[in-house]
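Text of data.txt (compact mmCIF, C-alpha atoms) as supplied:
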```txt
# COMPACT_ATOMS: atom_id res chain seq x y z
CA MET A 26 103.61 89.17 126.17
CA GLY A 27 102.44 89.47 129.74
CA ALA A 28 104.21 86.20 130.56
CA LEU A 29 107.37 87.39 128.89
CA ARG A 30 107.30 90.64 130.84
CA ALA A 31 106.91 88.64 134.05
CA GLY A 32 110.13 86.80 133.27
CA GLY A 33 108.49 83.51 132.21
CA LEU A 34 107.76 81.71 128.94
CA TRP A 35 104.56 80.66 127.25
CA TRP A 36 105.37 76.99 127.82
CA ASN A 37 106.30 77.25 131.52
CA PHE A 38 104.96 74.46 133.73
CA PRO A 39 102.27 75.54 136.20
CA PRO A 40 103.45 75.92 139.81
CA ASN A 41 100.89 73.41 141.14
CA GLY A 42 102.58 70.45 139.44
CA GLY A 43 100.11 70.22 136.57
CA ARG A 44 96.83 70.25 138.49
CA ASN A 45 93.76 71.92 137.03
CA ASN A 46 95.23 71.85 133.53
CA LYS A 47 91.81 71.67 131.97
CA ARG A 48 90.62 74.67 133.86
CA ARG A 49 93.78 76.61 132.92
CA SER A 50 93.55 75.57 129.28
CA SER A 51 89.96 76.72 129.15
CA LYS A 52 91.09 80.17 130.27
CA ARG A 53 94.01 80.49 127.90
CA PRO A 54 92.03 81.69 124.85
CA ASN A 55 90.57 84.57 126.84
CA SER A 56 93.97 85.35 128.32
CA SER A 57 95.74 85.26 124.96
CA SER A 58 93.05 87.38 123.35
CA SER A 59 93.32 89.94 126.13
CA ASP A 60 97.11 89.90 125.78
CA SER A 61 96.82 90.49 122.04
CA MET A 62 94.39 93.35 122.67
CA ASP A 63 96.80 94.87 125.18
CA LEU A 64 99.63 94.45 122.69
CA ALA A 65 97.61 96.16 119.97
CA LYS A 66 96.83 99.03 122.30
CA GLU A 67 100.42 99.39 123.43
CA GLY A 68 101.93 98.76 120.00
CA PHE A 69 100.58 101.81 118.21
CA GLN A 70 98.53 104.79 119.28
CA PHE A 71 98.16 107.55 116.73
CA PRO A 72 99.49 110.78 118.29
CA TYR A 73 96.49 112.97 117.53
CA LYS A 74 97.73 115.85 119.67
CA GLN A 75 101.14 116.02 117.99
CA ALA A 76 99.57 115.50 114.55
CA ALA A 77 97.01 118.28 115.06
CA THR A 78 99.70 120.60 116.40
CA ALA A 79 101.98 119.94 113.44
CA ALA A 80 99.08 120.42 110.99
CA SER A 81 97.99 123.75 112.49
CA LEU A 82 101.52 125.14 112.64
CA THR A 83 102.39 123.89 109.16
CA LEU A 84 99.23 125.59 107.92
CA THR A 85 100.28 128.79 109.69
CA GLY A 86 103.70 128.67 108.08
CA ASP A 87 102.20 128.16 104.64
CA THR A 88 99.74 131.03 105.20
CA ILE A 89 102.56 133.38 106.18
CA ALA A 90 104.56 132.30 103.14
CA GLN A 91 101.61 132.90 100.80
CA CYS A 92 100.84 136.32 102.31
CA ARG A 93 104.47 137.32 102.08
CA ASP A 94 104.58 136.35 98.38
CA LYS A 95 101.39 138.25 97.60
CA PHE A 96 102.64 141.32 99.45
CA ALA A 97 105.97 141.19 97.60
CA ARG A 98 104.17 140.99 94.24
CA TRP A 99 101.93 143.91 95.20
CA ARG A 100 104.90 146.07 96.24
CA GLN A 101 106.67 145.28 93.00
CA LYS A 102 103.68 146.33 90.91
CA SER A 103 102.89 149.50 92.88
CA ARG A 104 106.23 150.93 93.94
CA ASP A 105 105.11 154.51 93.45
CA ALA A 106 101.55 154.05 94.67
CA ASP A 107 100.32 155.30 98.00
CA PHE A 108 100.25 152.80 100.84
CA ASP A 109 96.61 151.87 101.41
CA GLU A 110 96.08 149.55 104.38
CA LYS A 111 92.65 148.41 103.17
CA GLU A 112 94.04 147.57 99.77
CA VAL A 113 96.90 145.61 101.30
CA ALA A 114 94.51 143.68 103.53
CA SER A 115 92.28 142.80 100.59
CA ILE A 116 95.28 141.65 98.57
CA LEU A 117 96.57 139.44 101.37
CA LEU A 118 93.17 137.85 101.93
CA SER A 119 92.31 137.34 98.27
CA ASP A 120 93.40 134.58 95.90
CA HIS A 121 94.55 132.30 98.70
CA ASP A 122 95.65 128.88 97.47
CA TRP A 123 93.52 126.70 99.75
CA LEU A 124 94.54 123.50 98.00
CA ARG A 125 98.18 124.26 98.74
CA ALA A 126 97.25 125.10 102.33
CA PHE A 127 95.36 121.83 102.77
CA ARG A 128 98.22 119.95 101.13
CA MET A 129 100.69 121.29 103.67
CA ALA A 130 98.31 120.81 106.60
CA SER A 131 97.66 117.19 105.64
CA TYR A 132 101.40 116.63 105.37
CA GLY A 133 101.80 117.92 108.92
CA PHE A 134 98.92 115.83 110.27
CA PHE A 135 99.56 112.50 108.57
CA LEU A 136 103.33 112.51 108.09
CA TYR A 137 105.41 115.10 109.91
CA GLY A 138 103.57 115.08 113.24
CA PRO A 139 103.40 111.30 113.80
CA GLY A 140 106.77 110.65 112.18
CA SER A 141 108.62 113.25 114.25
CA HIS A 142 106.89 112.09 117.43
CA ALA A 143 108.01 108.49 116.82
CA TRP A 144 111.53 109.64 115.93
CA TYR A 145 111.97 111.66 119.13
CA GLN A 146 110.61 108.80 121.22
CA PHE A 147 113.11 106.45 119.58
CA LEU A 148 116.02 108.81 120.27
CA ASP A 149 114.98 109.24 123.90
CA ARG A 150 114.74 105.48 124.41
CA CYS A 151 118.20 104.98 122.93
CA MET A 152 119.82 107.96 124.67
CA PRO A 153 117.73 108.90 127.73
CA GLN A 154 120.40 110.85 129.62
CA PRO A 155 120.70 114.57 128.69
CA SER A 156 124.49 114.47 128.54
CA PHE A 157 126.64 116.44 126.13
CA VAL A 158 127.49 113.32 124.13
CA ASN A 159 123.83 112.25 123.85
CA ILE A 160 122.62 115.72 122.86
CA SER A 161 125.37 116.00 120.24
CA ALA A 162 124.50 112.56 118.87
CA LYS A 163 120.80 113.47 118.70
CA VAL A 164 121.55 116.71 116.87
CA ILE A 165 123.78 114.92 114.34
CA LEU A 166 121.26 112.12 113.80
CA ASN A 167 118.49 114.68 113.46
CA GLN A 168 120.34 116.35 110.61
CA ILE A 169 121.63 113.30 108.73
CA VAL A 170 118.54 111.10 109.20
CA LEU A 171 115.41 113.15 109.94
CA GLY A 172 116.36 116.13 107.78
CA PRO A 173 116.80 114.24 104.49
CA CYS A 174 113.74 112.10 105.25
CA VAL A 175 111.55 115.17 105.82
CA ILE A 176 112.74 116.82 102.61
CA ALA A 177 112.27 113.62 100.60
CA VAL A 178 108.77 113.04 102.00
CA VAL A 179 107.50 116.60 101.63
CA PHE A 180 108.72 116.80 98.01
CA ALA A 181 107.07 113.46 97.23
CA TRP A 182 103.84 114.48 99.01
CA ASN A 183 103.70 117.77 97.12
CA ASN A 184 104.36 116.16 93.72
CA LEU A 185 101.83 113.43 94.45
CA TRP A 186 99.10 116.01 95.07
CA LEU A 187 100.09 117.92 91.95
CA GLY A 188 100.13 114.75 89.84
CA LYS A 189 103.79 115.22 88.99
CA LEU A 190 105.42 112.12 90.42
CA SER A 191 107.30 111.64 87.14
CA GLN A 192 109.09 114.95 87.82
CA LEU A 193 110.12 113.94 91.35
CA PRO A 194 113.67 112.77 90.46
CA SER A 195 114.46 116.07 88.76
CA LYS A 196 112.91 117.92 91.71
CA TYR A 197 115.25 116.10 94.06
CA GLN A 198 118.28 116.86 91.88
CA LYS A 199 117.42 120.53 91.59
CA ASP A 200 116.10 121.52 95.04
CA ALA A 201 116.79 118.79 97.61
CA LEU A 202 120.47 119.50 98.32
CA PRO A 203 120.18 123.33 98.45
CA THR A 204 117.17 123.00 100.76
CA LEU A 205 119.07 120.60 103.00
CA LEU A 206 122.12 122.90 103.19
CA TYR A 207 119.95 125.92 104.01
CA GLY A 208 118.24 123.80 106.65
CA PHE A 209 121.52 122.97 108.39
CA ARG A 210 122.06 126.65 109.17
CA PHE A 211 118.70 126.93 110.89
CA TRP A 212 117.94 123.49 112.32
CA VAL A 213 121.29 122.72 114.00
CA PRO A 214 120.91 125.39 116.74
CA VAL A 215 117.18 124.66 116.94
CA SER A 216 117.91 120.96 117.46
CA VAL A 217 120.36 121.77 120.24
CA LEU A 218 117.58 123.63 122.07
CA ASN A 219 115.07 120.92 121.22
CA PHE A 220 117.07 118.07 122.73
CA GLY A 221 118.75 120.02 125.51
CA VAL A 222 115.87 122.06 126.91
CA VAL A 223 112.46 121.09 125.49
CA PRO A 224 110.69 118.07 127.10
CA LEU A 225 109.78 115.11 124.92
CA SER A 226 106.02 115.80 124.92
CA ALA A 227 106.55 119.31 123.49
CA ARG A 228 109.25 118.61 120.91
CA VAL A 229 106.97 118.18 117.90
CA ALA A 230 105.18 121.44 118.79
CA PHE A 231 108.50 123.24 119.27
CA MET A 232 109.94 122.00 115.98
CA SER A 233 106.69 122.76 114.16
CA SER A 234 106.69 126.28 115.63
CA CYS A 235 110.23 126.78 114.42
CA SER A 236 109.17 125.54 111.00
CA ILE A 237 106.95 128.64 110.73
CA PHE A 238 110.04 130.85 110.85
CA TRP A 239 111.92 128.39 108.63
CA ASN A 240 109.22 128.63 105.95
CA PHE A 241 109.33 132.41 106.08
CA TYR A 242 113.15 132.42 105.98
CA LEU A 243 113.21 130.01 103.07
CA SER A 244 110.65 132.03 101.13
CA SER A 245 112.56 135.27 101.76
CA THR A 246 115.86 133.71 100.73
CA MET A 247 114.51 132.20 97.53
CA SER A 248 112.90 135.48 96.45
CA LYS A 249 116.14 137.46 96.54
```

Target format structure tokens, applied to this file:
Amino acid sequence: MGALRAGGLWWNFPPNGGRNNKRRSSKRPNSSSSDSMDLAKEGFQFPYKQAATAASLTLTGDTIAQCRDKFARWRQKSRDADFDEKEVASILLSDHDWLRAFRMASYGFFLYGPGSHAWYQFLDRCMPQPSFVNISAKVILNQIVLGPCVIAVVFAWNNLWLGKLSQLPSKYQKDALPTLLYGFRFWVPVSVLNFGVVPLSARVAFMSSCSIFWNFYLSSTMSK
């Protein structure tokens, strides 16, 4: 690959007219092995920072959603009861679904963080200039490509953990389209800010931060 980047080919003739071929051939295995190592290093590097950020913020969003649900159930059961702050705190901290929390955090670390990071890098390589046309194209592609992929993956990840993969088709039919339509209302303006203002290195963190509010909004909307 180093020869290709230099504008040559693997089978190029040496500039000295073929002298010292034995010495050059003896060095080729080391050179090719080093090139392959460089290619492996450049080919894929797991984005630990973006993955950890997505995991922590996904976990935060899930925690807020769980606390909100528990508080709503408590208010429904004790409408006429006095408001006790200690009791509310104990209710919010008790019966936390840690398996659900870990499920969402692992989704953010292994899937959403790395996948979103690779997606934004791809879009920036294809459309590097922050023009109106490029930003509009990125927003549209984000909604028609990334949005459905995220919904499909998170539903599949959740059903896989629950051992309900057989129910995944019905889950898609029932919840995928409404979730996607609700997401358009929120993620279109967020995507405009993401591509127009936020730098590439911070886009996963920005979108994950917005997902905290999205999770809360979705939970509030579904509970009405």

Query raised in the report: Which residues, written as an MDAnalysis selection string, have at least one atom at most 10 Å from region 161-171 of chain A, with only C-alpha atoms counted and residues fewer than 5 positions away on the same chain left out?
Result: chainID A and resid 140:141 144:145 148:149 151:152 155:156 176:177 205 208:209 212:221

Report task. Find, counting all atoms listed in the file, the residue in A:Arg100, A:Lys189, A:Lys95, A:His142 that gets nearest to Asp120 (chain A). Result ->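 Distance minimum relative to Asp120 (chain A) lands on A:Lys95.
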
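The two atoms in question, CA of His121 (chain A) and CA of Ser234 (chain A), are spaced 21.7 Å apart.
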
Query raised in the report: Mind pulling up the distance from CA of Val229 (chain A) to CA of Pro72 (chain A)?
Result: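 These two atoms are separated by 10.5 Å.
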
Report task. Name all residues at most 10 Å from Gln91 (chain A) (count all atoms listed in the file; drop same-chain ones fewer than 6 positions away) and give them as a ChimeraX atom specification. Result -> /A:85,97,117-118,120-122,125-126,241,244

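The interatomic distance for the pair CA of Ala130 (chain A) and CA of Ala80 (chain A) works out to 4.5 Å.
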
Report task. Between A:Val113, A:Leu187, A:Val158, A:Leu82, single out the one closest to Arg128 (chain A), counting all atoms listed in the file. Result -> A:Leu187
